[in-house]
file run_16.cif (mmCIF, C-alpha atoms and all ligand atoms)
data_target
#
loop_
_atom_site.label_atom_id
_atom_site.label_comp_id
_atom_site.auth_asym_id
_atom_site.auth_seq_id
_atom_site.Cartn_x
_atom_site.Cartn_y
_atom_site.Cartn_z
CA MET C 1 -63.17 -3.20 -54.88
CA ILE C 2 -65.69 -5.60 -56.34
CA ILE C 3 -68.72 -3.81 -57.76
CA ASP C 4 -71.08 -6.27 -56.05
CA ASP C 5 -69.63 -5.25 -52.67
CA LEU C 6 -70.51 -1.57 -53.15
CA LYS C 7 -73.19 -0.17 -50.88
CA SER C 8 -76.13 1.79 -52.24
CA GLU C 9 -79.26 3.41 -50.89
CA ASN C 10 -82.17 4.57 -53.04
CA GLY C 11 -80.09 3.84 -56.13
CA HIS C 12 -77.20 6.03 -54.95
CA LEU C 13 -73.65 4.85 -54.24
CA MET C 14 -72.86 5.25 -50.54
CA ILE C 15 -69.26 5.86 -49.44
CA GLY C 16 -68.49 5.59 -45.73
CA GLY C 17 -72.16 6.09 -44.94
CA VAL C 18 -72.43 9.23 -47.10
CA ASP C 19 -74.43 9.60 -50.33
CA SER C 20 -71.86 10.11 -53.10
CA VAL C 21 -74.35 12.00 -55.29
CA GLU C 22 -74.82 14.53 -52.48
CA LEU C 23 -71.03 14.83 -52.19
CA ALA C 24 -70.80 15.63 -55.91
CA LYS C 25 -73.49 18.30 -55.47
CA LYS C 26 -71.90 19.79 -52.38
CA TYR C 27 -68.26 19.90 -53.50
CA GLY C 28 -68.49 19.72 -57.32
CA THR C 29 -66.68 17.30 -59.60
CA PRO C 30 -64.19 15.90 -60.31
CA LEU C 31 -63.86 15.00 -56.67
CA TYR C 32 -61.65 12.53 -54.84
CA VAL C 33 -63.45 10.83 -51.95
CA PHE C 34 -61.68 8.67 -49.35
CA ASP C 35 -63.45 6.27 -47.02
CA ILE C 36 -61.13 6.64 -44.04
CA SER C 37 -62.53 3.64 -42.17
CA GLN C 38 -61.14 1.48 -45.01
CA VAL C 39 -57.71 3.09 -44.57
CA ARG C 40 -57.76 2.37 -40.84
CA SER C 41 -59.01 -1.17 -41.32
CA GLN C 42 -56.23 -2.06 -43.78
CA ILE C 43 -53.57 -0.74 -41.39
CA ARG C 44 -55.07 -2.81 -38.59
CA LYS C 45 -55.03 -5.92 -40.80
CA PHE C 46 -51.29 -5.46 -41.39
CA LYS C 47 -50.68 -4.97 -37.67
CA SER C 48 -52.71 -7.97 -36.60
CA ALA C 49 -51.00 -10.22 -39.19
CA PHE C 50 -47.60 -9.34 -37.69
CA GLU C 51 -48.87 -9.79 -34.16
CA LYS C 52 -50.35 -13.21 -34.95
CA ASN C 53 -46.93 -14.30 -36.16
CA ASN C 54 -45.08 -12.87 -33.15
CA LEU C 55 -42.81 -10.70 -35.24
CA LYS C 56 -41.42 -7.38 -34.11
CA TYR C 57 -42.57 -5.01 -36.83
CA GLN C 58 -43.21 -1.53 -38.07
CA ILE C 59 -45.69 -0.38 -40.72
CA SER C 60 -44.36 2.59 -42.65
CA TYR C 61 -46.97 4.12 -44.95
CA ALA C 62 -45.35 4.93 -48.34
CA SER C 63 -46.82 8.37 -48.62
CA LYS C 64 -46.01 8.89 -52.30
CA ALA C 65 -49.28 7.02 -52.87
CA PHE C 66 -51.23 9.94 -51.40
CA ALA C 67 -49.46 12.72 -49.58
CA VAL C 68 -51.63 15.45 -48.07
CA LYS C 69 -51.69 16.84 -44.54
CA ALA C 70 -54.92 15.08 -43.57
CA ILE C 71 -53.68 11.60 -44.50
CA TYR C 72 -50.48 12.16 -42.49
CA GLN C 73 -52.76 13.04 -39.56
CA VAL C 74 -54.66 9.77 -40.02
CA MET C 75 -51.32 7.93 -39.99
CA LYS C 76 -50.37 9.72 -36.78
CA GLN C 77 -53.70 8.67 -35.23
CA GLU C 78 -53.08 5.07 -36.31
CA ASP C 79 -49.59 5.22 -34.76
CA VAL C 80 -47.65 4.06 -37.82
CA HIS C 81 -44.47 5.33 -39.43
CA ILE C 82 -44.39 6.96 -42.86
CA ASP C 83 -41.86 7.20 -45.63
CA VAL C 84 -41.28 10.29 -47.74
CA VAL C 85 -39.31 10.68 -50.95
CA SER C 86 -38.82 14.44 -51.25
CA GLY C 87 -38.44 17.64 -49.28
CA GLY C 88 -42.01 18.45 -50.31
CA GLU C 89 -43.46 15.29 -48.77
CA LEU C 90 -41.31 15.80 -45.69
CA TYR C 91 -42.49 19.39 -45.37
CA THR C 92 -46.15 18.35 -45.76
CA ALA C 93 -45.83 15.63 -43.12
CA LEU C 94 -44.10 17.93 -40.64
CA SER C 95 -46.60 20.70 -41.22
CA ALA C 96 -49.35 18.16 -40.49
CA GLY C 97 -47.73 17.61 -37.09
CA PHE C 98 -46.41 14.16 -37.95
CA PRO C 99 -43.54 13.18 -35.58
CA SER C 100 -40.21 13.40 -37.40
CA GLU C 101 -38.73 10.41 -35.58
CA LYS C 102 -41.28 8.16 -37.31
CA ILE C 103 -40.28 9.29 -40.80
CA SER C 104 -38.01 7.40 -43.20
CA PHE C 105 -36.54 9.48 -46.00
CA HIS C 106 -36.20 7.62 -49.33
CA GLY C 107 -35.13 8.66 -52.83
CA ASN C 108 -32.46 7.87 -55.40
CA ASN C 109 -31.24 11.45 -55.74
CA LYS C 110 -31.86 13.34 -52.55
CA SER C 111 -30.31 16.78 -52.86
CA TYR C 112 -27.94 18.46 -50.43
CA ASP C 113 -30.81 20.71 -49.29
CA GLU C 114 -33.15 17.76 -48.76
CA LEU C 115 -30.55 15.85 -46.75
CA LEU C 116 -29.77 18.95 -44.71
CA MET C 117 -33.49 19.41 -44.02
CA ALA C 118 -33.77 15.75 -42.95
CA VAL C 119 -30.83 16.12 -40.56
CA LYS C 120 -32.05 19.41 -39.10
CA GLU C 121 -35.56 18.02 -38.63
CA HIS C 122 -34.17 14.86 -36.95
CA VAL C 123 -35.89 12.49 -39.35
CA GLY C 124 -36.09 8.94 -37.93
CA VAL C 125 -33.98 7.25 -40.58
CA ILE C 126 -32.39 8.24 -43.88
CA MET C 127 -32.53 5.47 -46.45
CA LEU C 128 -29.18 5.65 -48.24
CA ASP C 129 -29.47 4.84 -51.93
CA ASN C 130 -26.07 5.56 -53.54
CA PHE C 131 -22.46 6.56 -52.90
CA HIS C 132 -22.97 10.21 -53.80
CA GLU C 133 -25.55 10.39 -51.05
CA ILE C 134 -23.27 8.74 -48.48
CA ASP C 135 -20.66 11.43 -49.25
CA LEU C 136 -23.18 14.28 -49.08
CA LEU C 137 -24.68 13.05 -45.83
CA SER C 138 -21.29 12.46 -44.27
CA GLN C 139 -20.28 16.03 -45.12
CA ILE C 140 -23.57 17.45 -43.73
CA LEU C 141 -23.29 15.48 -40.48
CA LYS C 142 -19.73 16.74 -39.91
CA GLN C 143 -20.68 20.30 -40.66
CA GLU C 144 -23.81 20.19 -38.47
CA LYS C 145 -22.03 18.21 -35.72
CA ALA C 146 -24.99 15.81 -35.92
CA THR C 147 -25.63 12.10 -36.04
CA THR C 148 -28.42 10.18 -37.77
CA LYS C 149 -29.81 6.71 -38.20
CA VAL C 150 -29.50 5.28 -41.70
CA MET C 151 -30.52 2.17 -43.59
CA LEU C 152 -29.02 0.90 -46.81
CA ARG C 153 -31.37 0.38 -49.73
CA LEU C 154 -30.17 -2.72 -51.54
CA THR C 155 -31.01 -4.01 -55.01
CA PRO C 156 -31.35 -7.70 -54.28
CA GLY C 157 -31.65 -8.92 -57.90
CA ILE C 158 -35.25 -10.05 -57.55
CA SER C 159 -37.70 -8.86 -60.17
CA ALA C 160 -41.40 -8.71 -59.47
CA HIS C 161 -44.07 -9.77 -61.95
CA THR C 162 -45.66 -6.40 -62.55
CA HIS C 163 -45.59 -3.49 -65.02
CA LYS C 164 -42.03 -2.61 -66.13
CA TYR C 165 -42.35 0.87 -64.60
CA ASP C 166 -43.34 -0.73 -61.29
CA GLN C 167 -40.29 -3.03 -60.99
CA THR C 168 -37.50 -1.86 -58.70
CA GLY C 169 -35.68 -4.87 -57.24
CA GLN C 170 -33.96 -6.21 -60.38
CA THR C 171 -30.20 -5.65 -60.81
CA ASP C 172 -30.79 -3.23 -63.70
CA SER C 173 -32.59 -0.61 -61.61
CA LYS C 174 -31.87 3.02 -60.79
CA PHE C 175 -32.55 2.37 -57.09
CA GLY C 176 -30.23 1.13 -54.38
CA PHE C 177 -26.85 -0.56 -53.96
CA ASP C 178 -26.44 -3.62 -56.15
CA VAL C 179 -25.75 -6.73 -54.10
CA GLU C 180 -24.41 -8.89 -56.93
CA SER C 181 -21.52 -6.64 -57.97
CA GLY C 182 -20.34 -5.84 -54.43
CA GLN C 183 -21.67 -2.27 -54.26
CA ALA C 184 -23.62 -3.21 -51.15
CA ASP C 185 -20.47 -4.40 -49.33
CA LYS C 186 -18.66 -1.22 -50.23
CA ALA C 187 -21.58 0.87 -48.97
CA MET C 188 -21.70 -1.14 -45.72
CA LYS C 189 -18.03 -0.43 -45.08
CA SER C 190 -18.41 3.32 -45.71
CA VAL C 191 -21.39 3.60 -43.40
CA LEU C 192 -19.91 1.48 -40.60
CA ASP C 193 -16.73 3.58 -40.80
CA ASP C 194 -18.67 6.84 -40.42
CA GLU C 195 -18.93 7.66 -36.73
CA ASN C 196 -21.91 9.98 -37.33
CA MET C 197 -24.09 7.34 -38.99
CA GLU C 198 -25.85 4.63 -37.06
CA LEU C 199 -26.81 1.73 -39.31
CA THR C 200 -30.28 0.55 -38.29
CA GLY C 201 -30.59 -2.09 -40.96
CA ILE C 202 -31.10 -3.01 -44.59
CA HIS C 203 -33.93 -2.30 -47.01
CA ALA C 204 -35.17 -3.58 -50.34
CA HIS C 205 -38.32 -2.93 -52.35
CA ILE C 206 -39.01 -5.19 -55.30
CA GLY C 207 -41.84 -3.30 -56.99
CA SER C 208 -45.44 -2.27 -56.88
CA GLN C 209 -48.88 -3.83 -57.57
CA ILE C 210 -47.52 -7.33 -56.94
CA PHE C 211 -49.78 -10.36 -56.64
CA GLY C 212 -48.65 -13.58 -55.02
CA THR C 213 -46.39 -14.15 -52.06
CA GLN C 214 -43.49 -15.74 -53.90
CA GLY C 215 -41.51 -12.53 -54.56
CA PHE C 216 -41.80 -11.41 -50.94
CA VAL C 217 -40.78 -14.81 -49.57
CA MET C 218 -37.78 -14.87 -51.93
CA LEU C 219 -36.93 -11.36 -50.77
CA ALA C 220 -37.14 -12.32 -47.08
CA LYS C 221 -34.85 -15.28 -47.74
CA LYS C 222 -32.38 -13.19 -49.74
CA MET C 223 -32.27 -10.43 -47.10
CA MET C 224 -31.48 -12.99 -44.38
CA GLU C 225 -28.70 -14.40 -46.58
CA ILE C 226 -27.31 -10.90 -47.11
CA ALA C 227 -27.52 -10.23 -43.37
CA LYS C 228 -25.55 -13.41 -42.67
CA LYS C 229 -22.93 -12.39 -45.20
CA PHE C 230 -22.63 -8.97 -43.56
CA GLN C 231 -22.37 -10.65 -40.18
CA ALA C 232 -19.45 -12.75 -41.39
CA GLU C 233 -17.73 -9.85 -43.13
CA PHE C 234 -18.46 -6.94 -40.80
CA ASN C 235 -19.68 -8.55 -37.58
CA TYR C 236 -22.89 -6.60 -38.10
CA TRP C 237 -26.39 -7.98 -37.57
CA PRO C 238 -29.28 -5.69 -38.62
CA LYS C 239 -31.75 -4.46 -36.04
CA VAL C 240 -34.25 -3.98 -38.86
CA ILE C 241 -34.93 -5.63 -42.20
CA ASN C 242 -37.24 -3.49 -44.30
CA LEU C 243 -38.99 -5.44 -47.07
CA GLY C 244 -40.54 -2.42 -48.80
CA GLY C 245 -44.10 -2.25 -50.10
CA GLY C 246 -45.79 -3.28 -53.31
CA PHE C 247 -48.78 -5.33 -52.16
CA GLY C 248 -51.26 -5.41 -55.04
CA ILE C 249 -54.91 -4.42 -54.90
CA SER C 250 -57.90 -5.42 -56.98
CA TYR C 251 -58.69 -2.79 -59.62
CA ASN C 252 -60.88 -5.19 -61.56
CA GLU C 253 -62.06 -8.78 -61.44
CA ASP C 254 -58.84 -10.12 -63.06
CA ASP C 255 -56.77 -8.91 -60.09
CA ASP C 256 -56.32 -11.37 -57.27
CA PRO C 257 -54.49 -9.63 -54.43
CA ILE C 258 -52.92 -11.38 -51.46
CA THR C 259 -54.15 -10.67 -47.97
CA ALA C 260 -51.92 -9.28 -45.24
CA ASP C 261 -52.34 -12.57 -43.36
CA GLU C 262 -51.19 -14.61 -46.35
CA PHE C 263 -47.99 -12.84 -47.16
CA ILE C 264 -46.94 -11.92 -43.62
CA GLY C 265 -47.61 -15.51 -42.53
CA GLN C 266 -45.38 -16.83 -45.31
CA ILE C 267 -42.66 -14.26 -44.72
CA ALA C 268 -42.70 -15.16 -41.02
CA ASP C 269 -42.30 -18.87 -41.83
CA GLU C 270 -39.30 -18.06 -43.99
CA LEU C 271 -37.68 -15.75 -41.44
CA LYS C 272 -38.10 -18.20 -38.59
CA LYS C 273 -35.90 -20.75 -40.39
CA THR C 274 -32.85 -18.81 -39.19
CA ASN C 275 -30.72 -19.69 -36.15
CA ASN C 276 -30.00 -16.00 -35.69
CA GLU C 277 -32.27 -13.53 -33.99
CA VAL C 278 -35.05 -12.44 -36.40
CA PRO C 279 -34.67 -8.68 -36.89
CA GLU C 280 -37.58 -6.30 -36.59
CA ILE C 281 -39.47 -6.42 -39.92
CA TRP C 282 -40.63 -3.19 -41.51
CA ILE C 283 -42.95 -2.94 -44.48
CA GLU C 284 -43.84 0.11 -46.56
CA PRO C 285 -47.31 -0.32 -48.05
CA GLY C 286 -48.71 2.63 -50.00
CA ARG C 287 -51.25 1.50 -52.56
CA SER C 288 -52.78 -1.24 -50.40
CA ILE C 289 -53.52 1.26 -47.61
CA VAL C 290 -55.11 4.09 -49.59
CA GLY C 291 -55.96 2.62 -53.01
CA PRO C 292 -59.21 0.75 -52.30
CA ALA C 293 -60.40 3.55 -50.00
CA GLY C 294 -60.45 6.11 -52.82
CA TYR C 295 -63.15 6.96 -55.35
CA THR C 296 -63.19 9.67 -58.01
CA LEU C 297 -66.53 11.25 -58.84
CA TYR C 298 -66.98 12.78 -62.28
CA THR C 299 -69.91 14.37 -64.07
CA VAL C 300 -70.88 12.81 -67.39
CA GLY C 301 -70.84 15.33 -70.25
CA SER C 302 -70.62 14.82 -73.99
CA ARG C 303 -71.03 11.58 -75.86
CA LYS C 304 -69.88 10.47 -79.27
CA ASP C 305 -71.52 7.43 -80.90
CA ILE C 306 -69.74 6.14 -83.97
CA PRO C 307 -72.33 4.07 -85.84
CA ASN C 308 -71.59 0.33 -85.90
CA LEU C 309 -68.31 0.94 -84.10
CA THR C 310 -68.17 2.31 -80.60
CA SER C 311 -69.15 5.07 -78.16
CA TYR C 312 -67.13 7.56 -76.17
CA LEU C 313 -68.63 8.91 -72.98
CA SER C 314 -66.71 11.93 -71.73
CA VAL C 315 -66.36 13.06 -68.13
CA ASP C 316 -65.13 16.32 -66.62
CA GLY C 317 -61.72 14.99 -65.55
CA GLY C 318 -59.22 12.51 -66.95
CA MET C 319 -55.47 12.03 -67.18
CA GLY C 320 -54.82 15.17 -65.11
CA ASP C 321 -56.40 13.58 -62.04
CA ASN C 322 -55.53 9.97 -62.91
CA ILE C 323 -52.52 9.41 -65.15
CA ARG C 324 -52.38 5.67 -64.44
CA PRO C 325 -54.49 4.41 -67.39
CA ALA C 326 -52.39 6.45 -69.85
CA LEU C 327 -49.04 5.71 -68.17
CA TYR C 328 -49.36 2.05 -67.20
CA GLN C 329 -52.45 0.94 -69.15
CA ALA C 330 -53.99 0.51 -65.71
CA LYS C 331 -57.51 -0.89 -65.73
CA TYR C 332 -60.21 0.49 -63.48
CA GLU C 333 -63.94 -0.02 -63.03
CA ALA C 334 -66.70 2.53 -62.65
CA VAL C 335 -70.38 2.78 -61.82
CA ILE C 336 -73.03 5.43 -62.31
CA ALA C 337 -73.38 6.66 -58.74
CA ASN C 338 -76.97 7.89 -59.21
CA LYS C 339 -78.15 4.74 -61.04
CA MET C 340 -76.93 1.89 -58.85
CA ASP C 341 -80.31 0.19 -59.15
CA GLN C 342 -80.36 0.22 -62.95
CA PRO C 343 -79.11 -2.63 -65.14
CA ASN C 344 -76.14 -2.25 -67.45
CA GLU C 345 -77.26 -1.70 -71.04
CA GLN C 346 -74.21 -0.45 -72.89
CA THR C 347 -70.43 -0.74 -73.13
CA VAL C 348 -68.54 2.50 -73.67
CA HIS C 349 -65.09 4.04 -73.56
CA ILE C 350 -64.86 6.45 -70.65
CA ALA C 351 -62.95 9.40 -72.07
CA GLY C 352 -61.31 12.24 -70.18
CA LYS C 353 -61.49 15.90 -71.22
CA TYR C 354 -57.79 16.39 -71.93
CA CYS C 355 -56.53 17.17 -75.39
CA GLU C 356 -54.91 13.75 -75.90
CA SER C 357 -56.31 10.72 -77.72
CA GLY C 358 -54.68 8.60 -75.02
CA ASP C 359 -56.81 10.23 -72.34
CA ILE C 360 -59.13 7.26 -71.92
CA LEU C 361 -59.87 6.45 -68.29
CA ILE C 362 -61.53 3.08 -68.95
CA ASP C 363 -61.35 1.25 -72.24
CA GLN C 364 -64.51 -0.86 -71.94
CA GLN C 365 -67.04 -0.13 -69.23
CA GLN C 366 -70.51 -1.56 -68.95
CA LEU C 367 -73.00 1.00 -67.68
CA PRO C 368 -76.71 1.66 -67.41
CA LYS C 369 -78.18 4.16 -69.88
CA THR C 370 -76.56 7.55 -69.20
CA LYS C 371 -77.29 11.19 -69.80
CA PRO C 372 -75.30 14.39 -69.21
CA GLY C 373 -75.24 15.24 -65.52
CA ASP C 374 -75.01 11.66 -64.29
CA ILE C 375 -72.28 11.02 -61.74
CA LEU C 376 -69.66 8.45 -62.68
CA ALA C 377 -67.72 6.98 -59.76
CA MET C 378 -64.38 5.43 -60.63
CA LEU C 379 -63.31 2.91 -58.01
CA ASP C 380 -60.00 2.23 -56.24
CA THR C 381 -58.43 5.54 -57.22
CA GLY C 382 -56.97 6.36 -53.80
CA ALA C 383 -53.34 5.56 -54.64
CA TYR C 384 -51.21 7.48 -57.14
CA GLY C 385 -54.21 9.53 -58.29
CA TYR C 386 -54.12 12.83 -56.44
CA SER C 387 -50.41 12.39 -55.76
CA MET C 388 -49.65 12.20 -59.50
CA ALA C 389 -52.24 14.81 -60.52
CA MET C 390 -51.21 17.68 -62.77
CA ASN C 391 -52.49 20.83 -64.42
CA TYR C 392 -52.22 19.81 -68.07
CA ASN C 393 -54.46 22.00 -70.25
CA ARG C 394 -54.58 24.27 -67.20
CA ASN C 395 -57.26 22.22 -65.55
CA PRO C 396 -57.38 22.84 -61.80
CA ARG C 397 -56.74 19.82 -59.59
CA PRO C 398 -59.86 18.46 -57.85
CA ALA C 399 -60.76 18.77 -54.20
CA VAL C 400 -60.37 15.88 -51.74
CA VAL C 401 -63.03 14.88 -49.22
CA PHE C 402 -62.68 12.36 -46.39
CA VAL C 403 -65.75 10.46 -45.23
CA GLU C 404 -66.09 8.41 -42.08
CA ASP C 405 -69.02 7.30 -39.95
CA GLY C 406 -71.53 9.12 -42.12
CA GLN C 407 -69.65 12.47 -41.95
CA ASP C 408 -67.81 14.24 -44.75
CA LYS C 409 -64.94 16.68 -44.45
CA LEU C 410 -63.13 18.71 -47.10
CA VAL C 411 -59.40 18.09 -46.63
CA VAL C 412 -57.96 19.61 -49.82
CA LYS C 413 -59.60 22.55 -51.54
CA ARG C 414 -60.28 22.53 -55.26
CA GLU C 415 -57.68 24.54 -57.17
CA THR C 416 -59.00 27.75 -58.68
CA TYR C 417 -58.05 29.53 -61.89
CA GLN C 418 -56.35 32.10 -59.63
CA ASP C 419 -54.27 29.30 -58.09
CA LEU C 420 -53.26 28.24 -61.58
CA THR C 421 -51.82 31.65 -62.41
CA SER C 422 -50.52 32.45 -58.93
CA LEU C 423 -46.91 31.61 -59.83
CA ASP C 424 -46.99 33.22 -63.30
CA LEU C 425 -45.23 36.55 -63.69
CA ASP C 426 -45.79 39.24 -66.33
CA TYR C 427 -43.31 39.77 -69.11
C1 LIG U 501 -39.14 2.24 -51.54
C2 LIG U 501 -40.60 2.08 -51.75
N1 LIG U 501 -41.35 1.67 -50.71
C3 LIG U 501 -42.68 1.53 -50.82
C4 LIG U 501 -43.33 1.78 -52.03
C5 LIG U 501 -44.82 1.62 -52.04
O1 LIG U 501 -45.28 0.75 -52.95
P1 LIG U 501 -46.83 0.39 -52.97
O2 LIG U 501 -47.60 1.65 -53.09
O3 LIG U 501 -46.94 -0.44 -54.18
O4 LIG U 501 -47.12 -0.36 -51.73
C6 LIG U 501 -42.59 2.18 -53.14
C7 LIG U 501 -43.22 2.38 -54.45
O5 LIG U 501 -43.21 1.49 -55.28
C8 LIG U 501 -41.18 2.35 -52.99
O6 LIG U 501 -40.44 2.77 -54.00
N1 LIG U 502 -46.94 5.27 -59.42
C1 LIG U 502 -46.94 3.86 -59.55
C2 LIG U 502 -46.40 3.13 -58.35
C3 LIG U 502 -45.26 3.81 -57.71
C4 LIG U 502 -44.01 3.14 -57.84
C5 LIG U 502 -43.07 3.76 -56.85
N2 LIG U 502 -41.82 3.11 -56.81
C6 LIG U 502 -48.32 3.35 -59.87
O1 LIG U 502 -49.23 4.10 -59.90
O2 LIG U 502 -48.52 2.20 -60.08
#
call {"tool": "encode", "arguments": {"input": "run_16.cif", "output": "structure tokens"}}
result
Amino acid sequence: MIIDDLKSENGHLMIGGVDSVELAKKYGTPLYVFDISQVRSQIRKFKSAFEKNNLKYQISYASKAFAVKAIYQVMKQEDVHIDVVSGGELYTALSAGFPSEKISFHGNNKSYDELLMAVKEHVGVIMLDNFHEIDLLSQILKQEKATTKVMLRLTPGISAHTHKYDQTGQTDSKFGFDVESGQADKAMKSVLDDENMELTGIHAHIGSQIFGTQGFVMLAKKMMEIAKKFQAEFNYWPKVINLGGGFGISYNEDDDPITADEFIGQIADELKKTNNEVPEIWIEPGRSIVGPAGYTLYTVGSRKDIPNLTSYLSVDGGMGDNIRPALYQAKYEAVIANKMDQPNEQTVHIAGKYCESGDILIDQQQLPKTKPGDILAMLDTGAYGYSMAMNYNRNPRPAVVFVEDGQDKLVVKRETYQDLTSLDLDY
């Protein structure tokens, strides 16, 4: 989100037609706010890009980015698929009423219980990641007298230009069957030989927060080459090629994300070079769907000015509600939600309240003059914020509010101190 594009009325930041300062008053801070019209509009951009290029497609929201009942309900309304990576995400989606046949189940170490749950709940497709999992699933299917659709997650040997922790497609990765060393062929054989597994296609995901189309075009090319190899070896042509997610968003002015039109257009050009039938193309965007739609509201508290050096402005949240700055040195931008009409006059570190020197939300932020009680809105926090939130220092996790068409709705309650001790037992 570019600060200049933010909307304000009477000096207050407006989110989805709602005054953010009023939201902070009504629900308290820290508070996650999602502008749901932005979520819907991004999904529609992905859909229309595929349609323009006449590709058969499926959008599967990577729900690890933000996984609560209400967002699964939005995904159901938008008629997309989702992917989950744990029994907990699967349980949340099902309890939100999300249709199981539109769920893909990912993960590099799905347990017996998770696979059993997936089979019993008739999940749409299980994304097989390793040989141990093929064995477990095969055993479960026999025992349950069940069948399931599966896809193979491949490691195509393509590394994305992004943070090391966000790379997943390179050969040295914990995810998927390595193509180079022949693991993928071996996995293909096992799955095709298993009468209870129906192989829907092949999958690869090269990483997250990727800018530029090059990696995705290379991936599309590589997946078609792999498909041709499998066709020659196994007489198998995939119904689906899943190219994963990873489309970058703009957290600050240095970030230059690609549009859905750009990368889907280029992928389509690459795919259409084949003489074979182009399979259905699935993508799994997480961050690009929910990231820009999310804001975190904090209340400004203490301040420390170190003469001739620097200033720390502390807010009432921090690494517990957004671990990304500490974990990936992620850079965000913020505004003072109740002073949108005032000029910037200072540059400060925005510090969290956690007992860690590394708990700095923004290293250098220009702001108007501030005082305790002001509302700081951090932008683009919708992805991997709430979903990675924790209770370090026994801080309760914030509430989540959805706004749309000028209406606000609480969709996740704020944790209470009672919630924090609810699992503790006496000794
Ligand atoms: C298999 C898979 N698909 C999709 C995603 C979503 O990535 P992003 O949120 O960057 O779109 C991830 C996370 O990196 C992933 O591991
Ligand atoms: N949590 C990561 C992205 C997820 C990667 C999942 N494979 C981030 O915030 O950037």
call {"tool": "closest_residue", "arguments": {"input": "run_16.cif", "among": "C:Tyr72, C:Tyr417, C:Tyr251, C:Phe234", "to": "C:Lys331", "atoms": "only C-alpha atoms"}}
result
C:Tyr251
call {"tool": "residues_around", "arguments": {"input": "run_16.cif", "residues": "stretch 298-310 of chain C", "least_positions_apart": "5", "cutoff": "8 Å", "atoms": "all atoms listed in the file", "output": "VMD selection string"}}
result
chain C and resid 24 29 to 31 315 to 317 348 to 349 370 to 378
call {"tool": "atom_distance", "arguments": {"input": "run_16.cif", "atom1": "atom CA of C:Gln231", "atom2": "atom C3 of ligand LIG 501 (chain U)"}}
result
26.0 Å
call {"tool": "closest_residue", "arguments": {"input": "run_16.cif", "among": "C:Ala146, C:Ala49, C:Met319, C:Ala204", "to": "C:Leu128", "atoms": "all atoms listed in the file"}}
result
C:Ala204
call {"tool": "axis_aligned_box", "arguments": {"input": "run_16.cif", "around": "ligand LIG 502 (chain U)", "padding_each_side": "5 Å", "output": "JSON"}}
result
{"center_x": -45.5, "center_y": 3.7, "center_z": -58.4, "size_x": 17.4, "size_y": 13.1, "size_z": 13.3}
call {"tool": "closest_residue", "arguments": {"input": "run_16.cif", "among": "C:Phe131, C:Phe46, C:Tyr91, C:Phe211", "to": "C:Met117", "atoms": "all atoms listed in the file"}}
result
C:Tyr91
call {"tool": "residues_near_ligand", "arguments": {"input": "run_16.cif", "ligand": "ligand LIG 502 (chain U)", "cutoff": "10 Å", "atoms": "all atoms listed in the file", "output": "compact mmCIF listing (two decimals) with C-alpha atoms, in the frame of the given file"}}
result
# COMPACT_ATOMS: atom_id res chain seq x y z
CA ALA C 62 -45.35 4.93 -48.34
CA LYS C 64 -46.01 8.89 -52.30
CA ALA C 65 -49.28 7.02 -52.87
CA VAL C 85 -39.31 10.68 -50.95
CA GLY C 107 -35.13 8.66 -52.83
CA THR C 162 -45.66 -6.40 -62.55
CA HIS C 163 -45.59 -3.49 -65.02
CA TYR C 165 -42.35 0.87 -64.60
CA ASP C 166 -43.34 -0.73 -61.29
CA GLN C 167 -40.29 -3.03 -60.99
CA THR C 168 -37.50 -1.86 -58.70
CA PHE C 175 -32.55 2.37 -57.09
CA HIS C 205 -38.32 -2.93 -52.35
CA ILE C 206 -39.01 -5.19 -55.30
CA GLY C 207 -41.84 -3.30 -56.99
CA SER C 208 -45.44 -2.27 -56.88
CA GLN C 209 -48.88 -3.83 -57.57
CA GLY C 244 -40.54 -2.42 -48.80
CA GLY C 245 -44.10 -2.25 -50.10
CA GLY C 246 -45.79 -3.28 -53.31
CA GLY C 248 -51.26 -5.41 -55.04
CA GLY C 286 -48.71 2.63 -50.00
CA ARG C 287 -51.25 1.50 -52.56
CA GLY C 291 -55.96 2.62 -53.01
CA ASN C 322 -55.53 9.97 -62.91
CA ILE C 323 -52.52 9.41 -65.15
CA ARG C 324 -52.38 5.67 -64.44
CA PRO C 325 -54.49 4.41 -67.39
CA LEU C 327 -49.04 5.71 -68.17
CA TYR C 328 -49.36 2.05 -67.20
CA GLN C 329 -52.45 0.94 -69.15
CA ALA C 330 -53.99 0.51 -65.71
CA THR C 381 -58.43 5.54 -57.22
CA ALA C 383 -53.34 5.56 -54.64
CA TYR C 384 -51.21 7.48 -57.14
CA GLY C 385 -54.21 9.53 -58.29
CA SER C 387 -50.41 12.39 -55.76
CA MET C 388 -49.65 12.20 -59.50
call {"tool": "residues_around", "arguments": {"input": "run_16.cif", "residues": "C:Lys239", "least_positions_apart": "5", "cutoff": "10 Å", "atoms": "only C-alpha atoms", "output": "VMD selection string"}}
result
chain C and resid 199 to 202 277 to 281
call {"tool": "residues_near_point", "arguments": {"input": "run_16.cif", "point": "(-23.2, 8.9, -48.1)", "cutoff": "10 Å", "atoms": "all atoms listed in the file", "output": "ChimeraX atom specification"}}
result
/C:128-140,150,152,187,190-191,194,197
call {"tool": "atom_distance", "arguments": {"input": "run_16.cif", "atom1": "atom O4 of ligand LIG 501 (chain U)", "atom2": "atom CA of C:Gln183"}}
result
25.6 Å
call {"tool": "atom_distance", "arguments": {"input": "run_16.cif", "atom1": "atom CA of C:Thr171", "atom2": "atom CA of C:Thr155"}}
result
6.1 Å
